[in-house]
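Shown next: upload03.cif, containing mmCIF, C-alpha atoms.
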data_my_file
#
loop_
_atom_site.group_PDB
_atom_site.id
_atom_site.type_symbol
_atom_site.label_atom_id
_atom_site.label_comp_id
_atom_site.auth_asym_id
_atom_site.auth_seq_id
_atom_site.Cartn_x
_atom_site.Cartn_y
_atom_site.Cartn_z
ATOM 1 C CA MET A 1 -8.332 13.237 10.130
ATOM 2 C CA ILE A 2 -6.555 10.151 8.783
ATOM 3 C CA ALA A 3 -8.093 6.732 9.424
ATOM 4 C CA LEU A 4 -5.700 3.823 9.684
ATOM 5 C CA ILE A 5 -7.659 0.637 8.996
ATOM 6 C CA GLU A 6 -7.266 -1.981 11.729
ATOM 7 C CA TYR A 7 -7.995 -5.388 10.239
ATOM 8 C CA GLY A 8 -5.277 -7.446 11.893
ATOM 9 C CA ALA A 9 -2.330 -6.309 9.731
ATOM 10 C CA GLY A 10 1.044 -6.663 11.396
ATOM 11 C CA ASN A 11 2.338 -3.152 10.729
ATOM 12 C CA THR A 12 -0.530 -0.946 11.949
ATOM 13 C CA ALA A 13 1.378 0.188 15.059
ATOM 14 C CA SER A 14 4.531 1.095 13.099
ATOM 15 C CA VAL A 15 2.486 3.110 10.561
ATOM 16 C CA SER A 16 0.776 4.866 13.479
ATOM 17 C CA ASN A 17 4.193 5.646 15.031
ATOM 18 C CA ALA A 18 5.402 7.092 11.712
ATOM 19 C CA LEU A 19 2.311 9.327 11.500
ATOM 20 C CA GLU A 20 2.939 10.510 15.069
ATOM 21 C CA GLU A 21 6.538 11.286 14.141
ATOM 22 C CA ILE A 22 5.374 13.654 11.387
ATOM 23 C CA GLY A 23 2.699 15.157 13.665
ATOM 24 C CA VAL A 24 -0.394 13.806 11.903
ATOM 25 C CA ASP A 25 -3.674 13.357 13.773
ATOM 26 C CA HIS A 26 -5.081 9.923 13.053
ATOM 27 C CA ILE A 27 -7.271 7.185 14.399
ATOM 28 C CA ILE A 28 -6.856 3.418 14.211
ATOM 29 C CA SER A 29 -10.246 1.883 13.521
ATOM 30 C CA GLN A 30 -12.152 -0.996 11.980
ATOM 31 C CA ASN A 31 -15.426 0.909 12.294
ATOM 32 C CA GLU A 32 -17.239 1.695 9.036
ATOM 33 C CA LYS A 33 -18.485 5.082 10.305
ATOM 34 C CA ASP A 34 -15.026 6.210 11.475
ATOM 35 C CA ILE A 35 -13.518 5.273 8.134
ATOM 36 C CA SER A 36 -16.341 6.964 6.184
ATOM 37 C CA ARG A 37 -15.826 10.190 8.163
ATOM 38 C CA ALA A 38 -12.051 10.340 7.674
ATOM 39 C CA ASN A 39 -10.502 12.762 5.169
ATOM 40 C CA LYS A 40 -7.985 10.150 4.040
ATOM 41 C CA ILE A 41 -7.494 6.438 4.616
ATOM 42 C CA ILE A 42 -4.342 4.346 5.029
ATOM 43 C CA PHE A 43 -4.676 0.628 4.418
ATOM 44 C CA PRO A 44 -1.587 -1.011 5.963
ATOM 45 C CA GLY A 45 -0.543 -4.509 5.090
ATOM 46 C CA VAL A 46 1.439 -7.316 6.593
ATOM 47 C CA GLY A 47 -0.288 -10.643 6.429
ATOM 48 C CA GLU A 48 -2.000 -12.962 3.963
ATOM 49 C CA ALA A 49 -4.313 -11.754 1.187
ATOM 50 C CA SER A 50 -7.255 -14.174 1.499
ATOM 51 C CA SER A 51 -7.387 -13.711 5.302
ATOM 52 C CA ALA A 52 -7.282 -9.925 4.876
ATOM 53 C CA VAL A 53 -10.141 -9.950 2.337
ATOM 54 C CA LYS A 54 -12.204 -12.226 4.588
ATOM 55 C CA LYS A 55 -11.657 -9.826 7.504
ATOM 56 C CA LEU A 56 -12.726 -6.827 5.369
ATOM 57 C CA HIS A 57 -15.960 -8.649 4.506
ATOM 58 C CA LEU A 58 -16.588 -9.494 8.186
ATOM 59 C CA LEU A 59 -16.075 -5.827 9.138
ATOM 60 C CA ASN A 60 -18.424 -4.616 6.330
ATOM 61 C CA LEU A 61 -15.538 -2.617 4.874
ATOM 62 C CA PHE A 62 -15.062 -4.430 1.554
ATOM 63 C CA SER A 63 -17.886 -2.677 -0.335
ATOM 64 C CA LEU A 64 -17.131 0.691 1.281
ATOM 65 C CA LEU A 65 -13.471 0.621 0.229
ATOM 66 C CA ARG A 66 -14.356 -0.248 -3.374
ATOM 67 C CA VAL A 67 -16.409 2.916 -3.844
ATOM 68 C CA ILE A 68 -14.849 5.410 -1.434
ATOM 69 C CA LYS A 69 -13.958 8.754 -3.065
ATOM 70 C CA LYS A 70 -11.410 9.933 -0.518
ATOM 71 C CA PRO A 71 -7.655 9.447 -0.981
ATOM 72 C CA MET A 72 -6.629 5.958 0.145
ATOM 73 C CA LEU A 73 -3.081 4.617 0.416
ATOM 74 C CA GLY A 74 -2.504 0.863 0.377
ATOM 75 C CA ILE A 75 0.831 -0.304 1.808
ATOM 76 C CA CYS A 76 2.359 -3.648 0.690
ATOM 77 C CA LEU A 77 -0.486 -6.184 1.102
ATOM 78 C CA GLY A 78 -2.791 -3.144 1.250
ATOM 79 C CA MET A 79 -1.708 -2.315 -2.323
ATOM 80 C CA HIS A 80 -2.358 -5.887 -3.492
ATOM 81 C CA ILE A 81 -5.871 -5.775 -2.029
ATOM 82 C CA LEU A 82 -6.625 -2.741 -4.247
ATOM 83 C CA CYS A 83 -6.169 -4.944 -7.339
ATOM 84 C CA ASP A 84 -8.408 -7.487 -9.085
ATOM 85 C CA ARG A 85 -6.943 -10.640 -7.562
ATOM 86 C CA SER A 86 -4.098 -12.146 -5.582
ATOM 87 C CA GLU A 87 -2.478 -15.524 -6.122
ATOM 88 C CA GLU A 88 -2.016 -15.588 -2.343
ATOM 89 C CA GLY A 89 -5.016 -17.686 -1.373
ATOM 90 C CA ASN A 90 -6.382 -17.222 -4.925
ATOM 91 C CA VAL A 91 -8.711 -14.460 -3.791
ATOM 92 C CA ALA A 92 -10.764 -11.758 -5.525
ATOM 93 C CA CYS A 93 -9.746 -8.347 -4.179
ATOM 94 C CA LEU A 94 -11.269 -4.838 -4.347
ATOM 95 C CA GLY A 95 -10.826 -4.541 -8.116
ATOM 96 C CA VAL A 96 -10.120 -0.805 -8.242
ATOM 97 C CA ILE A 97 -6.747 -1.391 -9.955
ATOM 98 C CA ASN A 98 -6.279 -3.749 -12.897
ATOM 99 C CA GLY A 99 -3.854 -6.536 -12.122
ATOM 100 C CA GLU A 100 -3.106 -9.630 -10.089
ATOM 101 C CA ALA A 101 -0.545 -10.025 -7.314
ATOM 102 C CA LYS A 102 1.807 -12.898 -8.185
ATOM 103 C CA LYS A 103 4.341 -14.892 -6.173
ATOM 104 C CA PHE A 104 8.039 -14.497 -6.903
ATOM 105 C CA ASP A 105 9.566 -17.604 -8.476
ATOM 106 C CA ALA A 106 11.739 -19.071 -5.702
ATOM 107 C CA THR A 107 13.760 -21.004 -8.294
ATOM 108 C CA LYS A 108 14.962 -17.700 -9.779
ATOM 109 C CA VAL A 109 15.169 -15.319 -6.839
ATOM 110 C CA LYS A 110 15.284 -15.224 -3.035
ATOM 111 C CA VAL A 111 11.784 -15.244 -1.488
ATOM 112 C CA PRO A 112 10.711 -13.255 0.433
ATOM 113 C CA HIS A 113 12.232 -10.131 -1.084
ATOM 114 C CA MET A 114 13.557 -8.242 1.943
ATOM 115 C CA GLY A 115 15.709 -5.173 2.204
ATOM 116 C CA TRP A 116 16.416 -1.806 0.616
ATOM 117 C CA ASN A 117 15.776 -1.230 -3.099
ATOM 118 C CA ASN A 118 15.942 1.918 -5.165
ATOM 119 C CA VAL A 119 12.665 3.018 -6.701
ATOM 120 C CA LYS A 120 12.492 4.432 -10.218
ATOM 121 C CA ILE A 121 9.775 7.069 -10.683
ATOM 122 C CA ILE A 122 8.206 6.587 -14.137
ATOM 123 C CA LYS A 123 5.194 8.958 -13.885
ATOM 124 C CA GLU A 124 4.851 12.243 -12.059
ATOM 125 C CA SER A 125 2.832 11.965 -8.851
ATOM 126 C CA LYS A 126 2.312 14.127 -5.774
ATOM 127 C CA LEU A 127 3.141 11.013 -3.750
ATOM 128 C CA PHE A 128 6.812 11.512 -4.703
ATOM 129 C CA ASN A 129 7.025 15.292 -4.133
ATOM 130 C CA ASN A 130 10.470 16.220 -2.736
ATOM 131 C CA ILE A 131 11.702 12.631 -3.181
ATOM 132 C CA ASP A 132 14.591 11.981 -5.547
ATOM 133 C CA ASP A 133 14.265 9.456 -8.332
ATOM 134 C CA LYS A 134 15.966 6.164 -7.424
ATOM 135 C CA SER A 135 15.633 6.823 -3.682
ATOM 136 C CA TYR A 136 15.825 3.742 -1.476
ATOM 137 C CA PHE A 137 12.817 2.248 0.326
ATOM 138 C CA TYR A 138 12.442 -0.852 2.501
ATOM 139 C CA PHE A 139 10.696 -3.909 1.025
ATOM 140 C CA ALA A 140 9.463 -7.128 2.696
ATOM 141 C CA HIS A 141 7.190 -9.295 0.526
ATOM 142 C CA SER A 142 6.776 -12.612 -1.319
ATOM 143 C CA TYR A 143 4.148 -11.402 -3.800
ATOM 144 C CA TYR A 144 4.452 -8.574 -6.298
ATOM 145 C CA LEU A 145 2.257 -6.676 -8.720
ATOM 146 C CA PRO A 146 3.423 -6.643 -12.345
ATOM 147 C CA LYS A 147 3.710 -3.227 -14.013
ATOM 148 C CA ASN A 148 0.273 -1.996 -15.100
ATOM 149 C CA ASP A 149 -1.495 1.128 -16.399
ATOM 150 C CA SER A 150 -1.584 2.635 -12.900
ATOM 151 C CA THR A 151 2.127 2.111 -12.105
ATOM 152 C CA ILE A 152 3.962 5.324 -11.181
ATOM 153 C CA ALA A 153 7.223 3.755 -9.934
ATOM 154 C CA THR A 154 9.072 0.474 -10.352
ATOM 155 C CA THR A 155 11.853 -1.533 -8.748
ATOM 156 C CA GLU A 156 13.622 -4.810 -9.504
ATOM 157 C CA HIS A 157 14.033 -8.194 -7.841
ATOM 158 C CA ASN A 158 15.053 -10.424 -10.740
ATOM 159 C CA LEU A 159 12.264 -8.730 -12.716
ATOM 160 C CA GLU A 160 10.888 -5.190 -12.867
ATOM 161 C CA PHE A 161 7.613 -4.784 -10.990
ATOM 162 C CA CYS A 162 5.268 -2.126 -9.639
ATOM 163 C CA ALA A 163 6.703 -0.283 -6.618
ATOM 164 C CA ALA A 164 3.956 2.374 -6.481
ATOM 165 C CA LEU A 165 0.684 3.098 -8.239
ATOM 166 C CA GLU A 166 -1.957 5.788 -8.557
ATOM 167 C CA LYS A 167 -5.453 5.681 -10.020
ATOM 168 C CA ASP A 168 -8.016 8.381 -9.235
ATOM 169 C CA ASN A 169 -8.127 8.611 -5.417
ATOM 170 C CA PHE A 170 -6.311 5.292 -4.891
ATOM 171 C CA TYR A 171 -2.575 5.074 -4.187
ATOM 172 C CA GLY A 172 -0.431 2.073 -3.394
ATOM 173 C CA VAL A 173 3.178 1.334 -2.467
ATOM 174 C CA GLN A 174 4.815 -2.080 -2.364
ATOM 175 C CA PHE A 175 7.493 -0.893 0.057
ATOM 176 C CA HIS A 176 7.030 0.087 3.700
ATOM 177 C CA PRO A 177 7.307 3.876 4.053
ATOM 178 C CA GLU A 178 6.994 3.508 7.838
ATOM 179 C CA LYS A 179 10.299 1.560 7.800
ATOM 180 C CA SER A 180 12.058 3.658 5.145
ATOM 181 C CA GLY A 181 13.571 6.444 7.239
ATOM 182 C CA GLU A 182 13.219 10.105 6.283
ATOM 183 C CA THR A 183 12.298 9.312 2.668
ATOM 184 C CA GLY A 184 9.420 7.113 3.806
ATOM 185 C CA LEU A 185 8.216 9.797 6.210
ATOM 186 C CA GLN A 186 8.291 12.303 3.332
ATOM 187 C CA LEU A 187 6.086 9.999 1.253
ATOM 188 C CA LEU A 188 3.576 9.667 4.107
ATOM 189 C CA LYS A 189 3.627 13.461 4.527
ATOM 190 C CA ASN A 190 2.980 13.842 0.781
ATOM 191 C CA PHE A 191 -0.031 11.542 1.025
ATOM 192 C CA VAL A 192 -1.386 13.417 4.046
ATOM 193 C CA GLU A 193 -1.020 16.753 2.208
ATOM 194 C CA LEU A 194 -2.807 15.598 -0.979
ATOM 195 C CA CYS A 195 -5.687 17.946 -2.020
#

Using structure tokens, write down the structure from this file.
Amino acid sequence: MIALIEYGAGNTASVSNALEEIGVDHIISQNEKDISRANKIIFPGVGEASSAVKKLHLLNLFSLLRVIKKPMLGICLGMHILCDRSEEGNVACLGVINGEAKKFDATKVKVPHMGWNNVKIIKESKLFNNIDDKSYFYFAHSYYLPKNDSTIATTEHNLEFCAALEKDNFYGVQFHPEKSGETGLQLLKNFVELC
């Protein structure tokens, strides 16, 4: 069973619809016990980092998510929350990935970054099984994670940044697989089929 964390993120329903489309049993929950019992966890993300972290604390999920040993996929803001910090609200995050989410410089590039970008796979990962290098995914964000030790794929918006990461049981994608057509569905299927 997949648990989709409900903490007020704007894209929970669209991630749920994508999982239904690929025939995956899942629950949407903010309950600590439900999430602990799940085989895998998806942490969606549309919203603001400091509000999201505050909500995780209120739901008693913050500490659980830091130490959970099951595969967890963070999407967009969900990926940022896996890291040490975010400039968005200047907030300390889960700290399972080294790095800090930073805001794009609006004097150099259009913010938010919205639309289709090709993603360059730089390290082998099961997350990208049956997905071609430089495939296109849909992005919608104002903050980005610089390349780091856990980066497995990159993309560019004036600068090269982390498009996907993997460390131990934690995975993250900056793009929205639920809005990325068949390629996005393949990535979700790959996550579901991990181990």

Let me know the residues the PyMOL selection byres ((chain A and resi 109-111) around 10) catches in the file above, as a list in words.
Lys103, Phe104, Asp105, Ala106, Thr107, Lys108, Pro112, His113, Met114, Ala140, His141, Ser142, Tyr143, His157, Asn158 and Leu159 of chain A

Counting all atoms listed in the file, closest pick from A:Lys134, A:Pro44, A:Asn90, A:Asp34 relative to His176 in chain A is A:Pro44

Close residues, Phe128 in chain A itself excluded, 12 Å, all atoms listed in the file, min 2 positions apart in chain, as a ChimeraX atom specification
/A:119-126,130-135,152-153,163-166,171-173,177,183-191,193-194

So which one's closest to Asn118 in chain A, A:Thr154, A:Leu4, A:Leu56, A:Asp84? Using only C-alpha atoms, please.
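Of A:Thr154, A:Leu4, A:Leu56, A:Asp84, the one nearest Asn118 in chain A is A:Thr154, counting only C-alpha atoms.
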
Would you work out the distance separating CA of His26 in chain A from CA of Val96 in chain A, expressed in Å to one decimal?
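Going from CA of His26 in chain A over to CA of Val96 in chain A, I get 24.4 Å.
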
Any chance you could work out the residue set of the PyMOL selection byres ((chain A and resi 20-25) around 8) here, as number ranges by chain?
A: 1-2, 16-19, 26-27, 185, 189, 192

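Note that CA of Leu59 in chain A and CA of Asn31 in chain A are 7.5 Å apart.
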
Selection near Ala49 in chain A, 8 Å with only C-alpha atoms, sequence-local residues under 6 positions removed, as a PyMOL selection string:
chain A and resi 77+80-81+86+88-89+91

Name all residues at most 12 Å from Val67 in chain A (count all atoms listed in the file; drop same-chain ones fewer than 6 positions away) and give them as a count of residues only.
9

Do you have the CA of Gly115 in chain A-CA of Val15 in chain A distance handy?
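We find that CA of Gly115 in chain A and CA of Val15 in chain A lie 17.7 Å from each other.
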
Could you tell me which residues the PyMOL selection byres ((chain A and resi 55) around 12) returns for this structure, as a PyMOL selection string?
chain A and resi 5-9+30+47-54+56-62+81+93

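Minimum atom-to-atom distance to Ile75 in chain A, evaluated using only C-alpha atoms, belongs to A:Glu178 out of A:Glu160, A:Asp149, A:Glu178, A:Glu32.
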
Would you please work out which residue, of A:Leu65, A:Ile41, A:Ala92, A:Val46, is nearest to Ser14 in chain A when using all atoms listed in the file?
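Checking each candidate against Ser14 in chain A, we get A:Val46 as the closest.
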
Given all atoms listed in the file as the counted atoms, nearest of A:Ile68, A:Ile42, A:Met79, A:Arg85 to Ile28 in chain A:
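Under the stated criterion, the closest residue is A:Ile42.
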
Could you pull the residues within 6 Å of Lys40 in chain A, counting only C-alpha atoms, minus those fewer than 5 positions along the same chain, as a count of residues only?
4

Axis-aligned box over every listed atom of range 165-183 of chain A, padded by 3 Å per side: centre and edges in Å to one decimal, as lines of an AutoDock Vina configuration file?
center_x = 2.7
center_y = 4.0
center_z = -1.1
size_x = 27.7
size_y = 18.2
size_z = 23.9

Would you mind writing range 65-98 of chain A with N, CA and C atoms, as a PDB file, in the frame of the given file?
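Contents of rebuild.pdb, freshly written:
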ATOM      1  N   LEU A  65     -14.784   0.278   0.771  1.00  0.00           N
ATOM      2  CA  LEU A  65     -13.471   0.621   0.229  1.00  0.00           C
ATOM      3  C   LEU A  65     -13.437   0.594  -1.293  1.00  0.00           C
ATOM      4  N   ARG A  66     -14.308  -0.184  -1.904  1.00  0.00           N
ATOM      5  CA  ARG A  66     -14.356  -0.248  -3.374  1.00  0.00           C
ATOM      6  C   ARG A  66     -14.866   1.055  -3.986  1.00  0.00           C
ATOM      7  N   VAL A  67     -15.732   1.744  -3.253  1.00  0.00           N
ATOM      8  CA  VAL A  67     -16.409   2.916  -3.844  1.00  0.00           C
ATOM      9  C   VAL A  67     -16.028   4.246  -3.190  1.00  0.00           C
ATOM     10  N   ILE A  68     -15.184   4.188  -2.174  1.00  0.00           N
ATOM     11  CA  ILE A  68     -14.849   5.410  -1.434  1.00  0.00           C
ATOM     12  C   ILE A  68     -14.175   6.418  -2.378  1.00  0.00           C
ATOM     13  N   LYS A  69     -14.486   7.702  -2.176  1.00  0.00           N
ATOM     14  CA  LYS A  69     -13.958   8.754  -3.065  1.00  0.00           C
ATOM     15  C   LYS A  69     -12.854   9.577  -2.415  1.00  0.00           C
ATOM     16  N   LYS A  70     -12.475   9.214  -1.215  1.00  0.00           N
ATOM     17  CA  LYS A  70     -11.410   9.933  -0.518  1.00  0.00           C
ATOM     18  C   LYS A  70     -10.064   9.285  -0.830  1.00  0.00           C
ATOM     19  N   PRO A  71      -8.963  10.042  -0.728  1.00  0.00           N
ATOM     20  CA  PRO A  71      -7.655   9.447  -0.981  1.00  0.00           C
ATOM     21  C   PRO A  71      -7.386   8.262  -0.045  1.00  0.00           C
ATOM     22  N   MET A  72      -6.950   7.149  -0.626  1.00  0.00           N
ATOM     23  CA  MET A  72      -6.629   5.958   0.145  1.00  0.00           C
ATOM     24  C   MET A  72      -5.271   5.430  -0.299  1.00  0.00           C
ATOM     25  N   LEU A  73      -4.421   5.141   0.678  1.00  0.00           N
ATOM     26  CA  LEU A  73      -3.081   4.617   0.416  1.00  0.00           C
ATOM     27  C   LEU A  73      -2.991   3.185   0.921  1.00  0.00           C
ATOM     28  N   GLY A  74      -2.731   2.260   0.005  1.00  0.00           N
ATOM     29  CA  GLY A  74      -2.504   0.863   0.377  1.00  0.00           C
ATOM     30  C   GLY A  74      -1.008   0.602   0.474  1.00  0.00           C
ATOM     31  N   ILE A  75      -0.589  -0.004   1.586  1.00  0.00           N
ATOM     32  CA  ILE A  75       0.831  -0.304   1.808  1.00  0.00           C
ATOM     33  C   ILE A  75       1.044  -1.814   1.727  1.00  0.00           C
ATOM     34  N   CYS A  76       1.964  -2.250   0.855  1.00  0.00           N
ATOM     35  CA  CYS A  76       2.359  -3.648   0.690  1.00  0.00           C
ATOM     36  C   CYS A  76       1.129  -4.517   0.398  1.00  0.00           C
ATOM     37  N   LEU A  77       0.726  -5.388   1.314  1.00  0.00           N
ATOM     38  CA  LEU A  77      -0.486  -6.184   1.102  1.00  0.00           C
ATOM     39  C   LEU A  77      -1.682  -5.271   0.836  1.00  0.00           C
ATOM     40  N   GLY A  78      -1.708  -4.110   1.478  1.00  0.00           N
ATOM     41  CA  GLY A  78      -2.791  -3.144   1.250  1.00  0.00           C
ATOM     42  C   GLY A  78      -2.868  -2.708  -0.206  1.00  0.00           C
ATOM     43  N   MET A  79      -1.718  -2.629  -0.895  1.00  0.00           N
ATOM     44  CA  MET A  79      -1.708  -2.315  -2.323  1.00  0.00           C
ATOM     45  C   MET A  79      -2.256  -3.491  -3.128  1.00  0.00           C
ATOM     46  N   HIS A  80      -1.854  -4.707  -2.771  1.00  0.00           N
ATOM     47  CA  HIS A  80      -2.358  -5.887  -3.492  1.00  0.00           C
ATOM     48  C   HIS A  80      -3.875  -5.991  -3.402  1.00  0.00           C
ATOM     49  N   ILE A  81      -4.421  -5.658  -2.237  1.00  0.00           N
ATOM     50  CA  ILE A  81      -5.871  -5.775  -2.029  1.00  0.00           C
ATOM     51  C   ILE A  81      -6.639  -4.772  -2.904  1.00  0.00           C
ATOM     52  N   LEU A  82      -5.969  -3.700  -3.343  1.00  0.00           N
ATOM     53  CA  LEU A  82      -6.625  -2.741  -4.247  1.00  0.00           C
ATOM     54  C   LEU A  82      -6.873  -3.347  -5.633  1.00  0.00           C
ATOM     55  N   CYS A  83      -6.155  -4.401  -5.970  1.00  0.00           N
ATOM     56  CA  CYS A  83      -6.169  -4.944  -7.339  1.00  0.00           C
ATOM     57  C   CYS A  83      -7.308  -5.947  -7.545  1.00  0.00           C
ATOM     58  N   ASP A  84      -7.342  -6.534  -8.744  1.00  0.00           N
ATOM     59  CA  ASP A  84      -8.408  -7.487  -9.085  1.00  0.00           C
ATOM     60  C   ASP A  84      -8.329  -8.775  -8.276  1.00  0.00           C
ATOM     61  N   ARG A  85      -7.111  -9.333  -8.202  1.00  0.00           N
ATOM     62  CA  ARG A  85      -6.943 -10.640  -7.562  1.00  0.00           C
ATOM     63  C   ARG A  85      -5.570 -10.749  -6.925  1.00  0.00           C
ATOM     64  N   SER A  86      -5.414 -11.770  -6.079  1.00  0.00           N
ATOM     65  CA  SER A  86      -4.098 -12.146  -5.582  1.00  0.00           C
ATOM     66  C   SER A  86      -3.954 -13.659  -5.677  1.00  0.00           C
ATOM     67  N   GLU A  87      -2.789 -14.085  -6.124  1.00  0.00           N
ATOM     68  CA  GLU A  87      -2.478 -15.524  -6.122  1.00  0.00           C
ATOM     69  C   GLU A  87      -2.374 -16.055  -4.699  1.00  0.00           C
ATOM     70  N   GLU A  88      -2.146 -15.175  -3.741  1.00  0.00           N
ATOM     71  CA  GLU A  88      -2.016 -15.588  -2.343  1.00  0.00           C
ATOM     72  C   GLU A  88      -3.401 -15.950  -1.797  1.00  0.00           C
ATOM     73  N   GLY A  89      -3.684 -17.233  -1.776  1.00  0.00           N
ATOM     74  CA  GLY A  89      -5.016 -17.686  -1.373  1.00  0.00           C
ATOM     75  C   GLY A  89      -6.013 -17.636  -2.516  1.00  0.00           C
ATOM     76  N   ASN A  90      -5.533 -17.295  -3.726  1.00  0.00           N
ATOM     77  CA  ASN A  90      -6.382 -17.222  -4.925  1.00  0.00           C
ATOM     78  C   ASN A  90      -7.687 -16.481  -4.634  1.00  0.00           C
ATOM     79  N   VAL A  91      -7.560 -15.214  -4.281  1.00  0.00           N
ATOM     80  CA  VAL A  91      -8.711 -14.460  -3.791  1.00  0.00           C
ATOM     81  C   VAL A  91      -9.027 -13.249  -4.678  1.00  0.00           C
ATOM     82  N   ALA A  92     -10.323 -12.983  -4.844  1.00  0.00           N
ATOM     83  CA  ALA A  92     -10.764 -11.758  -5.525  1.00  0.00           C
ATOM     84  C   ALA A  92     -10.614 -10.598  -4.552  1.00  0.00           C
ATOM     85  N   CYS A  93     -10.006  -9.516  -5.032  1.00  0.00           N
ATOM     86  CA  CYS A  93      -9.746  -8.347  -4.179  1.00  0.00           C
ATOM     87  C   CYS A  93     -10.690  -7.205  -4.551  1.00  0.00           C
ATOM     88  N   LEU A  94     -10.348  -5.967  -4.174  1.00  0.00           N
ATOM     89  CA  LEU A  94     -11.269  -4.838  -4.347  1.00  0.00           C
ATOM     90  C   LEU A  94     -11.542  -4.496  -5.809  1.00  0.00           C
ATOM     91  N   GLY A  95     -10.592  -4.754  -6.685  1.00  0.00           N
ATOM     92  CA  GLY A  95     -10.826  -4.541  -8.116  1.00  0.00           C
ATOM     93  C   GLY A  95     -10.825  -3.091  -8.568  1.00  0.00           C
ATOM     94  N   VAL A  96     -10.173  -2.206  -7.809  1.00  0.00           N
ATOM     95  CA  VAL A  96     -10.120  -0.805  -8.242  1.00  0.00           C
ATOM     96  C   VAL A  96      -8.893  -0.545  -9.131  1.00  0.00           C
ATOM     97  N   ILE A  97      -7.941  -1.460  -9.107  1.00  0.00           N
ATOM     98  CA  ILE A  97      -6.747  -1.391  -9.955  1.00  0.00           C
ATOM     99  C   ILE A  97      -6.690  -2.678 -10.779  1.00  0.00           C
ATOM    100  N   ASN A  98      -6.415  -2.553 -12.067  1.00  0.00           N
ATOM    101  CA  ASN A  98      -6.279  -3.749 -12.897  1.00  0.00           C
ATOM    102  C   ASN A  98      -4.978  -4.461 -12.584  1.00  0.00           C
TER     103      ASN A  98
END
